[in-house]
Every structure is written in C-alpha cells, then in structure tokens.
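K.L.:
So I've got this file, start-v4.pdb, and it contains PDB, C-alpha atoms:
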ATOM      1  CA  MET A 202       0.000   0.000   0.000
ATOM      2  CA  PHE A 203       2.770   2.420   0.888
ATOM      3  CA  SER A 204       4.765   1.610  -2.261
ATOM      4  CA  LEU A 205       1.651   2.357  -4.284
ATOM      5  CA  THR A 206       1.198   5.637  -2.417
ATOM      6  CA  LEU A 207       4.766   6.625  -3.233
ATOM      7  CA  LEU A 208       4.220   5.772  -6.907
ATOM      8  CA  GLN A 209       0.643   6.978  -7.264
ATOM      9  CA  ALA A 210       0.773  10.203  -5.238
ATOM     10  CA  PRO A 211       4.293  11.111  -4.080
ATOM     11  CA  GLN A 212       3.038  14.397  -2.642
ATOM     12  CA  ALA A 213       0.805  12.429  -0.233
ATOM     13  CA  SER A 214       3.826  10.532   1.030
ATOM     14  CA  GLY A 215       5.703  11.811   4.049
ATOM     15  CA  GLU A 216       9.175  10.531   3.113
ATOM     16  CA  VAL A 217      10.282   6.915   3.311
ATOM     17  CA  TYR A 218      10.988   7.008   7.056
ATOM     18  CA  TRP A 219       7.512   8.336   7.820
ATOM     19  CA  ASP A 220       5.915   5.851   5.446
ATOM     20  CA  ALA A 221       7.823   2.944   7.011
ATOM     21  CA  ALA A 222       6.636   3.971  10.491
ATOM     22  CA  ASN A 223       3.047   4.140   9.289
ATOM     23  CA  ALA A 224       3.404   0.832   7.440
ATOM     24  CA  LEU A 225       4.370  -0.739  10.761
ATOM     25  CA  GLY A 226       1.296   0.829  12.366
ATOM     26  CA  LEU A 227      -0.906  -0.617   9.644
ATOM     27  CA  LEU A 228       0.781  -4.012  10.058
ATOM     28  CA  ALA A 229       0.049  -3.865  13.789
ATOM     29  CA  PHE A 230      -3.604  -3.069  13.026
ATOM     30  CA  ALA A 231      -3.859  -5.930  10.513
ATOM     31  CA  LEU A 232      -2.435  -8.302  13.118
ATOM     32  CA  LEU A 233      -4.950  -7.011  15.675
ATOM     33  CA  LEU A 234      -7.798  -7.830  13.313
ATOM     34  CA  TYR A 235      -6.366 -11.259  12.603
ATOM     35  CA  LEU A 236      -5.853 -11.963  16.299
ATOM     36  CA  TYR A 237      -9.474 -11.029  16.976
ATOM     37  CA  PHE A 238     -10.498 -13.395  14.182
ATOM     38  CA  ASP A 239      -8.191 -16.246  15.331
ATOM     39  CA  THR A 240      -8.632 -16.432  19.080
ATOM     40  CA  GLY A 241      -5.853 -18.933  19.506
ATOM     41  CA  SER A 242      -7.865 -21.698  21.088
ATOM     42  CA  GLY A 243      -6.384 -25.155  21.354
ATOM     43  CA  HIS A 244      -3.161 -25.802  19.464
ATOM     44  CA  ARG A 245      -3.316 -22.331  17.873
ATOM     45  CA  GLN A 246      -2.767 -20.616  21.219
ATOM     46  CA  GLN A 247       1.014 -20.472  20.682
ATOM     47  CA  ILE A 248       0.519 -18.901  17.236
ATOM     48  CA  HIS A 249      -1.870 -16.344  18.762
ATOM     49  CA  LYS A 250       0.685 -15.510  21.453
ATOM     50  CA  TRP A 251       3.601 -15.047  19.042
ATOM     51  CA  LEU A 252       1.537 -13.037  16.551
ATOM     52  CA  SER A 253       0.421 -10.780  19.396
ATOM     53  CA  TYR A 254       4.059 -10.213  20.346
ATOM     54  CA  LEU A 255       4.884  -9.462  16.698
ATOM     55  CA  GLY A 256       2.002  -6.965  16.594
ATOM     56  CA  GLY A 257       3.258  -5.344  19.790
ATOM     57  CA  VAL A 258       6.765  -4.980  18.361
ATOM     58  CA  ALA A 259       5.340  -3.482  15.138
ATOM     59  CA  LEU A 260       3.264  -1.046  17.207
ATOM     60  CA  LEU A 261       6.212   0.043  19.359
ATOM     61  CA  ALA A 262       8.390   0.410  16.239
ATOM     62  CA  HIS A 263       5.608   2.533  14.691
ATOM     63  CA  VAL A 264       5.723   4.884  17.661
ATOM     64  CA  ALA A 265       9.534   4.915  17.953
ATOM     65  CA  LEU A 266      10.118   5.602  14.253
ATOM     66  CA  LEU A 267       7.819   8.594  14.416
ATOM     67  CA  TRP A 268       9.273  10.060  17.623
ATOM     68  CA  ILE A 269      13.002   9.562  17.106
ATOM     69  CA  PRO A 270      13.479  11.684  13.960
ATOM     70  CA  ASP A 271      10.802  14.244  14.792
ATOM     71  CA  PRO A 272      10.813  15.574  18.364
ATOM     72  CA  THR A 273       7.730  17.718  17.657
ATOM     73  CA  ILE A 274       5.717  14.496  17.885
ATOM     74  CA  TRP A 275       6.180  14.779  21.676
ATOM     75  CA  ASN A 276       3.615  17.589  21.548
ATOM     76  CA  TYR A 277       1.004  14.900  20.940
ATOM     77  CA  LEU A 278       1.475  13.569  24.479
ATOM     78  CA  SER A 279      -0.556  16.389  25.972
ATOM     79  CA  PHE A 280      -4.315  16.641  26.356
ATOM     80  CA  ALA A 281      -4.213  19.450  23.788
ATOM     81  CA  ALA A 282      -3.340  16.898  21.104
ATOM     82  CA  PRO A 283      -5.887  16.176  18.349
ATOM     83  CA  TRP A 284      -8.489  13.554  19.288
ATOM     84  CA  TYR A 285      -7.173  11.049  16.751
ATOM     85  CA  MET A 286      -3.729  11.180  18.394
ATOM     86  CA  LEU A 287      -5.270  10.685  21.827
ATOM     87  CA  ALA A 288      -7.122   7.695  20.363
ATOM     88  CA  GLY A 289      -3.790   6.301  19.170
ATOM     89  CA  LEU A 290      -2.263   6.772  22.623
ATOM     90  CA  LEU A 291      -5.297   5.136  24.235
ATOM     91  CA  SER A 292      -4.993   2.225  21.824
ATOM     92  CA  LEU A 293      -1.306   1.850  22.707
ATOM     93  CA  GLY A 294      -2.131   1.909  26.424
ATOM     94  CA  LEU A 295      -4.847  -0.711  25.950
ATOM     95  CA  VAL A 296      -2.411  -2.956  24.040
ATOM     96  CA  VAL A 297       0.032  -2.743  26.948
ATOM     97  CA  LEU A 298      -2.787  -3.510  29.410
ATOM     98  CA  ILE A 299      -4.200  -6.440  27.433
ATOM     99  CA  THR A 300      -0.701  -7.898  27.088
ATOM    100  CA  LEU A 301       0.127  -7.569  30.770
ATOM    101  CA  ILE A 302      -3.083  -9.172  32.022
ATOM    102  CA  SER A 303      -3.043 -11.934  29.415
ATOM    103  CA  THR A 304       0.245 -13.624  30.200
ATOM    104  CA  PRO A 305      -0.385 -17.113  31.580
ATOM    105  CA  ALA A 306       1.329 -16.284  34.882
ATOM    106  CA  LYS A 307      -0.996 -13.306  35.485
ATOM    107  CA  ARG A 308      -4.235 -14.723  34.100
ATOM    108  CA  ARG A 309      -5.436 -16.397  37.283
ATOM    109  CA  PHE A 310      -4.503 -13.389  39.396
ATOM    110  CA  TRP A 311      -6.437 -10.929  37.206
ATOM    111  CA  HIS A 312      -9.351 -13.040  36.041
ATOM    112  CA  GLY A 313      -9.910 -16.028  38.291
ATOM    113  CA  ASP A 314     -11.463 -18.311  35.714
ATOM    114  CA  TYR A 315     -10.957 -18.707  31.971
ATOM    115  CA  ARG A 316     -14.424 -17.457  30.949
ATOM    116  CA  ARG A 317     -13.908 -14.117  32.693
ATOM    117  CA  PHE A 318     -10.495 -13.855  31.041
ATOM    118  CA  GLN A 319     -12.008 -14.578  27.633
ATOM    119  CA  ALA A 320     -14.759 -11.987  28.048
ATOM    120  CA  LEU A 321     -12.442  -9.231  29.267
ATOM    121  CA  HIS A 322      -9.836 -10.088  26.622
ATOM    122  CA  GLU A 323     -12.432  -9.801  23.857
ATOM    123  CA  TRP A 324     -13.818  -6.480  25.103
ATOM    124  CA  LEU A 325     -10.343  -5.004  25.485
ATOM    125  CA  ALA A 326      -9.443  -6.248  21.983
ATOM    126  CA  LEU A 327     -12.547  -4.525  20.580
ATOM    127  CA  ALA A 328     -11.576  -1.302  22.366
ATOM    128  CA  VAL A 329      -8.044  -1.541  20.925
ATOM    129  CA  ILE A 330      -9.389  -2.095  17.404
ATOM    130  CA  ALA A 331     -11.943   0.737  17.690
ATOM    131  CA  THR A 332      -9.428   3.294  19.015
ATOM    132  CA  ALA A 333      -6.770   2.237  16.489
ATOM    133  CA  LEU A 334      -9.315   2.495  13.679
ATOM    134  CA  TRP A 335     -10.307   5.979  14.852
ATOM    135  CA  HIS A 336      -6.619   6.942  14.996
ATOM    136  CA  MET A 337      -5.935   5.704  11.456
ATOM    137  CA  ILE A 338      -9.018   7.140   9.778
ATOM    138  CA  ALA A 339      -9.156  10.505  11.542
ATOM    139  CA  SER A 340      -5.461  11.185  10.914
ATOM    140  CA  GLY A 341      -6.312  11.554   7.219
ATOM    141  CA  PHE A 342      -3.171   9.775   5.999
ATOM    142  CA  TYR A 343      -3.191   7.131   3.247
ATOM    143  CA  LEU A 344      -6.884   6.179   3.433
ATOM    144  CA  SER A 345      -9.532   7.786   1.248
ATOM    145  CA  THR A 346     -13.113   8.113   2.441
ATOM    146  CA  LEU A 347     -14.074   5.009   0.448
ATOM    147  CA  GLU A 348     -11.148   3.004   1.829
ATOM    148  CA  SER A 349     -11.984   4.137   5.359
ATOM    149  CA  ALA A 350     -15.617   3.094   4.907
ATOM    150  CA  LEU A 351     -14.555  -0.298   3.553
ATOM    151  CA  LEU A 352     -12.176  -0.802   6.465
ATOM    152  CA  ILE A 353     -14.963   0.026   8.923
ATOM    153  CA  CYS A 354     -17.263  -2.419   7.091
ATOM    154  CA  LEU A 355     -14.567  -5.111   7.277
ATOM    155  CA  CYS A 356     -14.155  -4.590  11.030
ATOM    156  CA  VAL A 357     -17.919  -4.679  11.609
ATOM    157  CA  ALA A 358     -18.268  -7.799   9.429
ATOM    158  CA  ILE A 359     -15.526  -9.613  11.352
ATOM    159  CA  TRP A 360     -17.161  -8.611  14.656
ATOM    160  CA  ALA A 361     -20.642  -9.683  13.489
ATOM    161  CA  LEU A 362     -19.440 -13.021  12.119
ATOM    162  CA  LYS A 363     -17.524 -13.715  15.312
ATOM    163  CA  ARG A 364     -20.557 -12.859  17.475
ATOM    164  CA  THR A 365     -22.701 -15.309  15.500
ATOM    165  CA  ASP A 366     -19.957 -17.969  15.416
ATOM    166  CA  LYS A 367     -19.991 -17.929  11.611
ATOM    167  CA  LEU A 368     -16.297 -17.114  11.165
ATOM    168  CA  PRO A 369     -14.474 -20.110   9.728
ATOM    169  CA  SER A 370     -11.692 -21.391  11.935
ATOM    170  CA  PRO A 371      -8.282 -20.544  10.461
ATOM    171  CA  THR A 372      -7.037 -24.127  10.592
ATOM    172  CA  GLY A 373      -4.904 -23.802   7.508
ATOM    173  CA  SER A 374      -7.603 -24.844   5.071
ATOM    174  CA  PHE A 375      -7.081 -23.713   1.506
ATOM    175  CA  ALA A 376     -10.257 -21.585   1.358
ATOM    176  CA  THR A 377      -9.632 -19.846   4.681
ATOM    177  CA  THR A 378      -5.981 -19.111   3.878
ATOM    178  CA  TRP A 379      -6.876 -17.598   0.510
ATOM    179  CA  GLY A 380      -9.809 -15.736   2.013
ATOM    180  CA  VAL A 381      -7.566 -14.114   4.618
ATOM    181  CA  LEU A 382      -4.937 -13.252   1.966
ATOM    182  CA  ALA A 383      -7.595 -11.834  -0.384
ATOM    183  CA  ILE A 384      -8.452  -9.017   2.039
ATOM    184  CA  PRO A 385      -5.075  -7.198   1.950
ATOM    185  CA  ALA A 386      -4.647  -8.041  -1.747
ATOM    186  CA  GLY A 387      -8.061  -6.534  -2.488
ATOM    187  CA  PHE A 388      -7.143  -3.463  -0.487
ATOM    188  CA  VAL A 389      -3.934  -2.978  -2.513
ATOM    189  CA  VAL A 390      -5.842  -3.415  -5.799
ATOM    190  CA  LEU A 391      -8.429  -0.880  -4.609
ATOM    191  CA  LYS A 392      -5.671   1.554  -3.633
ATOM    192  CA  TRP A 393      -4.045   1.180  -7.054
ATOM    193  CA  ALA A 394      -7.360   1.525  -8.924
ATOM    194  CA  LEU A 395      -8.291   4.743  -7.125
TER     195      LEU A 395
END
Would you mind giving the structure from this file in structure tokens?
P.N.:
Amino acid sequence: MFSLTLLQAPQASGEVYWDAANALGLLAFALLLYLYFDTGSGHRQQIHKWLSYLGGVALLAHVALLWIPDPTIWNYLSFAAPWYMLAGLLSLGLVVLITLISTPAKRRFWHGDYRRFQALHEWLALAVIATALWHMIASGFYLSTLESALLICLCVAIWALKRTDKLPSPTGSFATTWGVLAIPAGFVVLKWAL
C-alpha cells in the first residue's frame, strides 16, 4: 500500500521514514484484526501468542520511528493533542494492558477463571481495534473516504461473524488461507485503482 502511495501520489507521502513507520502501524492493526479473528484456542494458542508479540513490536516500532526523527511528535502527548492522536495513545495503552493481564502467569490473578479472562480479553481487543481504527481514519493519511468506509465495514463484518460464530476457523484450510490473503490483496488493488 505504501509503495503504491509513493508511486501513485508522491506528494501524499511523508518521506520513506515516515511511510515505514506508518506501514508498521498498519501491520500492527492488521495483526490485531487477525488476532481477533483467530482467538488462539487449542493448538493455535502459541501462534496467537507469538503473533500478538509481533504486533506489539510493530506497534512500538511505529511509535519509535515517528518520535526519534521528529521531536515535535512529543507535543502529541498532551491533552491538547488532536483527538485522533489521543485515540492512538489510548490504543497503545490498551495494548500494553491487554498484554500484561493476558500472560499465563498473570491470568489467574487478574481473572480467576478462563471465561472471565475470555470476556475481558475480547472487550479489550474490541476497544483496541476501535481506538486504532479511529486513529488511522481521523489522521487523514493514506486512506480515502471510500477506503476508510470499507475498512470500517470489514471490522464490523468480522465482529458480526464472530458474534454469530460464523467465522471459519483458520485451521490452515485452503479456502480460509486464501480468504484471509484476499483481504489485503483486495485493499492494494483498490488503492491502485483509485
């Protein structure tokens, strides 16, 4: 997506360093959506755990790559910052919280039983996705109005299918694998076509 932005509209790009930082933020968001879709039950729990760590590293790299070269970004740590930046900071804080209270050693302490853990984990994940989505869309970078609307529709569809237990389990089946890969590929094609 970012390569296409550089080629399609170089004036919309914010230099390679900026684009790389935002690409990492988008990767973190894509992993969040996937992790919500694939809850990591059974033998997939290890995959869920390692993908969540990968998403956390991508998120922290997103923040670090924006702050290190541009100290003015520190201005966004105040309550006078734009709402979309505060949403990004809230999302980051929720990711730290959900990670800390989800480690196996802390689960029993924080939640007692597995069902309470599952419920809280899901609600925190939804809050992370909602605040990250707000941060991405309201910032006005990279996503057109149509792309933003489609991304919101995708998030709502994933939530609705999960609530009705109609999401296919990502067990490595051919159809599910290609279905998951078709979403980012479709997004790139849409970005190129617009």
K.L.:
Please check which residues have atoms at most 10 Å from (-8.6, -9.8, 15.1) in the file's coordinates, counting only C-alpha atoms, and write them as a list in words.
P.N.:
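Here the neighbourhood of the point contains Phe230, Ala231, Leu232, Leu233, Leu234, Tyr235, Leu236, Tyr237, Phe238, Asp239, Thr240, Glu323, Ala326, Leu327, Ile330, Cys356, Ile359, Trp360 and Lys363 of chain A.
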K.L.:
From the list A:Cys354, A:Val258, A:Leu267, A:Ala333, which residue is nearest Leu290 in chain A when using only C-alpha atoms?
P.N.:
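The answer is A:Ala333, which sits nearest to Leu290 in chain A.
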K.L.:
Residues within 8 Å of range 293-304 of chain A, please, as a list in words. Count only C-alpha atoms; anything in the same chain fewer than 2 positions from it doesn't count.
P.N.:
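Counting only C-alpha atoms, the residues come to Gly257, Leu260, Gly289, Leu290, Leu291, Ala306, Lys307, Arg308, Trp311, Phe318, His322, Leu325, Ala326, Ala328 and Val329 of chain A.
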K.L.:
Find the smallest box with edges along x, y and z containing every listed atom of range 218-233 of chain A, then add 3 Å on each side and report centre and edge lengths in Å to one decimal, as JSON.
P.N.:
{"center_x": 3.0, "center_y": 0.0, "center_z": 10.6, "size_x": 21.9, "size_y": 22.6, "size_z": 16.2}
K.L.:
Please write the residues picked by the PyMOL selection byres ((chain A and resi 285) around 8) on this file as a list in words.
P.N.:
Pro283, Trp284, Met286, Leu287, Ala288, Gly289, Trp335, His336, Met337, Ala339 and Ser340 of chain A
K.L.:
Quick one, how far is CA of Leu351 in chain A from CA of Leu228 in chain A?
P.N.:
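Distance between the two atoms: 17.1 Å.
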K.L.:
Can you tell me how far CA of Asn223 in chain A sits from CA of Trp251 in chain A, in Å to one decimal?
P.N.:
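Interatomic distance here is 21.5 Å.
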K.L.:
Have a look at CA of His263 in chain A and CA of Ala221 in chain A and let me know their distance in Å, one decimal.
P.N.:
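If I compute the distance from CA of His263 in chain A to CA of Ala221 in chain A, I get 8.0 Å.
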K.L.:
Rebuild N, CA, C and O atoms on range 306-323 of chain A, as a PDB file, keeping the file's coordinate frame?
P.N.:
ATOM      1  N   ALA A 306       1.011 -16.415  33.456  1.00  0.00           N
ATOM      2  CA  ALA A 306       1.329 -16.284  34.882  1.00  0.00           C
ATOM      3  C   ALA A 306       0.386 -15.315  35.588  1.00  0.00           C
ATOM      4  O   ALA A 306       0.121 -15.454  36.784  1.00  0.00           O
ATOM      5  N   LYS A 307      -0.144 -14.328  34.871  1.00  0.00           N
ATOM      6  CA  LYS A 307      -0.996 -13.306  35.485  1.00  0.00           C
ATOM      7  C   LYS A 307      -2.492 -13.573  35.299  1.00  0.00           C
ATOM      8  O   LYS A 307      -3.310 -12.936  35.917  1.00  0.00           O
ATOM      9  N   ARG A 308      -2.824 -14.504  34.427  1.00  0.00           N
ATOM     10  CA  ARG A 308      -4.235 -14.723  34.100  1.00  0.00           C
ATOM     11  C   ARG A 308      -5.079 -15.056  35.324  1.00  0.00           C
ATOM     12  O   ARG A 308      -6.140 -14.492  35.526  1.00  0.00           O
ATOM     13  N   ARG A 309      -4.640 -15.997  36.114  1.00  0.00           N
ATOM     14  CA  ARG A 309      -5.436 -16.397  37.283  1.00  0.00           C
ATOM     15  C   ARG A 309      -5.556 -15.264  38.283  1.00  0.00           C
ATOM     16  O   ARG A 309      -6.600 -15.067  38.889  1.00  0.00           O
ATOM     17  N   PHE A 310      -4.480 -14.500  38.451  1.00  0.00           N
ATOM     18  CA  PHE A 310      -4.503 -13.389  39.396  1.00  0.00           C
ATOM     19  C   PHE A 310      -5.530 -12.347  38.979  1.00  0.00           C
ATOM     20  O   PHE A 310      -6.299 -11.851  39.798  1.00  0.00           O
ATOM     21  N   TRP A 311      -5.555 -11.990  37.692  1.00  0.00           N
ATOM     22  CA  TRP A 311      -6.437 -10.929  37.206  1.00  0.00           C
ATOM     23  C   TRP A 311      -7.858 -11.388  36.954  1.00  0.00           C
ATOM     24  O   TRP A 311      -8.794 -10.609  37.076  1.00  0.00           O
ATOM     25  N   HIS A 312      -8.037 -12.625  36.541  1.00  0.00           N
ATOM     26  CA  HIS A 312      -9.351 -13.040  36.041  1.00  0.00           C
ATOM     27  C   HIS A 312     -10.030 -14.140  36.843  1.00  0.00           C
ATOM     28  O   HIS A 312     -11.229 -14.295  36.733  1.00  0.00           O
ATOM     29  N   GLY A 313      -9.286 -14.918  37.584  1.00  0.00           N
ATOM     30  CA  GLY A 313      -9.910 -16.028  38.291  1.00  0.00           C
ATOM     31  C   GLY A 313     -10.145 -17.212  37.382  1.00  0.00           C
ATOM     32  O   GLY A 313      -9.367 -18.146  37.355  1.00  0.00           O
ATOM     33  N   ASP A 314     -11.186 -17.186  36.607  1.00  0.00           N
ATOM     34  CA  ASP A 314     -11.463 -18.311  35.714  1.00  0.00           C
ATOM     35  C   ASP A 314     -11.297 -17.907  34.241  1.00  0.00           C
ATOM     36  O   ASP A 314     -11.216 -16.738  33.902  1.00  0.00           O
ATOM     37  N   TYR A 315     -11.254 -18.922  33.388  1.00  0.00           N
ATOM     38  CA  TYR A 315     -10.957 -18.707  31.971  1.00  0.00           C
ATOM     39  C   TYR A 315     -12.066 -17.935  31.259  1.00  0.00           C
ATOM     40  O   TYR A 315     -11.789 -17.115  30.398  1.00  0.00           O
ATOM     41  N   ARG A 316     -13.316 -18.161  31.617  1.00  0.00           N
ATOM     42  CA  ARG A 316     -14.424 -17.457  30.949  1.00  0.00           C
ATOM     43  C   ARG A 316     -14.372 -15.952  31.189  1.00  0.00           C
ATOM     44  O   ARG A 316     -14.626 -15.167  30.284  1.00  0.00           O
ATOM     45  N   ARG A 317     -14.051 -15.556  32.403  1.00  0.00           N
ATOM     46  CA  ARG A 317     -13.908 -14.117  32.693  1.00  0.00           C
ATOM     47  C   ARG A 317     -12.735 -13.537  31.913  1.00  0.00           C
ATOM     48  O   ARG A 317     -12.813 -12.423  31.400  1.00  0.00           O
ATOM     49  N   PHE A 318     -11.644 -14.304  31.836  1.00  0.00           N
ATOM     50  CA  PHE A 318     -10.495 -13.855  31.041  1.00  0.00           C
ATOM     51  C   PHE A 318     -10.892 -13.661  29.587  1.00  0.00           C
ATOM     52  O   PHE A 318     -10.597 -12.632  28.980  1.00  0.00           O
ATOM     53  N   GLN A 319     -11.589 -14.646  29.037  1.00  0.00           N
ATOM     54  CA  GLN A 319     -12.008 -14.578  27.633  1.00  0.00           C
ATOM     55  C   GLN A 319     -12.889 -13.361  27.368  1.00  0.00           C
ATOM     56  O   GLN A 319     -12.696 -12.652  26.376  1.00  0.00           O
ATOM     57  N   ALA A 320     -13.839 -13.118  28.234  1.00  0.00           N
ATOM     58  CA  ALA A 320     -14.759 -11.987  28.048  1.00  0.00           C
ATOM     59  C   ALA A 320     -14.016 -10.652  28.124  1.00  0.00           C
ATOM     60  O   ALA A 320     -14.182  -9.794  27.256  1.00  0.00           O
ATOM     61  N   LEU A 321     -13.187 -10.480  29.132  1.00  0.00           N
ATOM     62  CA  LEU A 321     -12.442  -9.231  29.267  1.00  0.00           C
ATOM     63  C   LEU A 321     -11.464  -9.056  28.114  1.00  0.00           C
ATOM     64  O   LEU A 321     -11.322  -7.961  27.565  1.00  0.00           O
ATOM     65  N   HIS A 322     -10.802 -10.139  27.720  1.00  0.00           N
ATOM     66  CA  HIS A 322      -9.836 -10.088  26.622  1.00  0.00           C
ATOM     67  C   HIS A 322     -10.521  -9.646  25.326  1.00  0.00           C
ATOM     68  O   HIS A 322      -9.990  -8.817  24.592  1.00  0.00           O
ATOM     69  N   GLU A 323     -11.707 -10.176  25.073  1.00  0.00           N
ATOM     70  CA  GLU A 323     -12.432  -9.801  23.857  1.00  0.00           C
ATOM     71  C   GLU A 323     -12.860  -8.338  23.886  1.00  0.00           C
ATOM     72  O   GLU A 323     -12.725  -7.625  22.899  1.00  0.00           O
TER      73      GLU A 323
END
